[in-house]
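A.B. asks: My structure is below; once you've seen it, I'll send some questions.
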Amino acid sequence: NVTLVNATGIDFGSSTVDGNLTATATTGDLTDEETVTVSGTAAFTTSADDADITLDELAVSGDLSITTNGTSGNVTLVNATGIEFGESTVDGNLTATATTGNLTDEETVTVSGTATFTTSADDADIVLDELAVTGDVSITTNGSSGHATLVNATGIDFGASTVDGNLTATATTGNLTDEETVTVSGTATFTTSADNADIVLDELAVTGDVSLTTNGSSGNVTLVNATGIDFGSSTV
């Protein structure tokens, strides 16, 4: 195992850790110049307000945990396989790309800004059911069965998204809305769990069935789909 704490930032050169890696940049950014291979888990932290984590040469096999601070401590991750998030807090925006595997979470992923999640490989899934994202959520999958499942602790406000499979989205305590086009090649299921929370999706482009669930006496729904609408089982 490896534990690093550097007084300034950390810029990784070519590295191989046949165990777990914990790295903390005390006053600067955390970046990589060459591949960082980790057989176990990896935990990356920037302690200073508004310091960024930019790791686009990762090859981590285990859970990946990240922590930034301040209002613009942004994170960009690209992992050579999948990404499985451990407990993470991003005080800024998060962009995460799983190159050849699925994108999942084992523990809560808290993001104060926007979140963008991408699986690059055909038929790789996004399953993020421990999210706590404040800003827009954008997702991209590829292949005919690249499905996406999202559960967010508050509402969900979609940014531009493309799901080449089925989409299931649940907003736990807030509304479910879209800021930009949400394209889904398969079916789409949208749920607001809280009483009187609304679904307002007027930028949809869903090919398959659309299923809806709201709760309470005034959990209203507005849908605009680019083509037809074929309702699946729905309760409004």
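Chain labels follow the order of the structure tokens: the first chain is A, the next B, and so on; residue numbering restarts at 1 in every chain, and ligands are counted from 1 in their shown order.
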Report as a list in words all protein, DNA and RNA residues lying within 9 Å of range 10-22 of chain A, evaluated on only C-alpha atoms, omitting residues in the same chain fewer than 4 positions from it.
C.D. replies: Asn1, Val2, Thr3, Leu4, Val5, Asn6, Thr26, Gly28, Asp29, Leu30, Thr31, Asp32, Glu33, Glu34, Thr35, Val36, Thr37, Val38, Ser39, Gly40, Thr41, Ala42, Ala43, Phe44, Thr45, Leu55 and Gly62 of chain A
A.B. asks: Taking only C-alpha atoms into account, which of A:Gly9, A:Gly186, A:Gly146, A:Gly82 comes nearest Thr46 in chain A?
C.D. replies: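 The closest residue to Thr46 in chain A is A:Gly9.
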A.B. asks: I'd like the neighbourhood of Asn102 in chain A as an NGL selection string, where a residue qualifies if any of its atoms comes within 10 Å (using only C-alpha atoms), though same-chain residues fewer than 2 positions away should be ignored.
C.D. replies: :A and (81-84 or 97-100 or 104 or 118-121 or 123-127 or 141 or 146-148)
A.B. asks: Using only C-alpha atoms, please write the residues we just selected to a file, as an mmCIF file, in the first residue's frame.
C.D. replies:
```
data_model
loop_
_atom_site.group_PDB
_atom_site.id
_atom_site.type_symbol
_atom_site.label_atom_id
_atom_site.label_comp_id
_atom_site.auth_asym_id
_atom_site.auth_seq_id
_atom_site.Cartn_x
_atom_site.Cartn_y
_atom_site.Cartn_z
ATOM 1 C CA THR A 81 -11.680 0.054 -16.894
ATOM 2 C CA GLY A 82 -14.869 0.782 -14.939
ATOM 3 C CA ILE A 83 -15.330 3.204 -12.076
ATOM 4 C CA GLU A 84 -16.788 2.137 -8.740
ATOM 5 C CA THR A 97 -15.496 8.473 -17.642
ATOM 6 C CA ALA A 98 -15.270 4.677 -17.424
ATOM 7 C CA THR A 99 -13.386 3.573 -20.536
ATOM 8 C CA THR A 100 -14.113 -0.170 -20.753
ATOM 9 C CA THR A 104 -21.242 2.458 -10.263
ATOM 10 C CA THR A 118 -19.899 8.518 -19.293
ATOM 11 C CA THR A 119 -19.335 4.870 -20.146
ATOM 12 C CA SER A 120 -17.336 4.708 -23.370
ATOM 13 C CA ALA A 121 -17.625 0.970 -24.091
ATOM 14 C CA ASP A 123 -23.220 -1.973 -23.530
ATOM 15 C CA ALA A 124 -21.497 -0.770 -20.350
ATOM 16 C CA ASP A 125 -23.984 0.431 -17.722
ATOM 17 C CA ILE A 126 -24.261 3.396 -15.385
ATOM 18 C CA VAL A 127 -25.747 2.407 -12.000
ATOM 19 C CA THR A 141 -23.891 5.320 -22.500
ATOM 20 C CA GLY A 146 -25.940 0.548 -22.264
ATOM 21 C CA HIS A 147 -28.493 1.135 -19.527
ATOM 22 C CA ALA A 148 -28.542 3.874 -16.886
#
```
A.B. asks: Rank A:Thr154, A:Asn79, A:Asn166, A:Asn215 by their smallest atom-to-atom distance to Ala59 in chain A, using only C-alpha atoms, and report the top residue only.
C.D. replies: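 Of A:Thr154, A:Asn79, A:Asn166, A:Asn215, the one nearest Ala59 in chain A is A:Asn79, counting only C-alpha atoms.
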A.B. asks: As a PyMOL selection string, list the residues of range 167-226 of chain A assigned to strand (DSSP E) by DSSP on the backbone atoms of this structure.
C.D. replies: chain A and resi 167-171+176-178+182-184+188-195+199-206+210-215+221-225
A.B. asks: Which of these, A:Asp52, A:Glu57, A:Asp129, A:Asp198, has the shortest distance to Ser218 in chain A once you count only C-alpha atoms?
C.D. replies: A:Asp198
A.B. asks: Give me the residues within 8 Å of Val111 in chain A as an NGL selection string, counting only C-alpha atoms and dropping any in the same chain fewer than 3 places off.
C.D. replies: :A and (89-94 or 114-115 or 132-135)
A.B. asks: Excluding Asp202 in chain A and its own-chain neighbours fewer than 2 positions away, which residues fall within 10 Å of it when counting only C-alpha atoms? Please give them as a list in words.
C.D. replies: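 Counting only C-alpha atoms, the residues come to Thr177, Asp178, Glu179, Glu180, Thr181, Val182, Ile199, Val200, Leu204, Ala205, Thr222, Leu223, Val224, Asn225 and Ala226 of chain A.
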A.B. asks: Hey, which of A:Ser185, A:Thr227, A:Ser72, A:Ser233 ends up closest to Leu212 in chain A? Count only C-alpha atoms.
C.D. replies: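 Among the listed residues, the smallest separation from Leu212 in chain A belongs to A:Ser233.
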A.B. asks: Which one is closest to Asp105 in chain A: A:Ala197, A:Ala188, A:Leu150, A:Val210? Count only C-alpha atoms.
C.D. replies: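 Closest candidate: A:Leu150.
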A.B. asks: Please, what distance in Å, to one decimal, runs between CA of Ser161 in chain A and CA of Asp122 in chain A?
C.D. replies: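 If I compute the distance from CA of Ser161 in chain A to CA of Asp122 in chain A, I get 15.9 Å.
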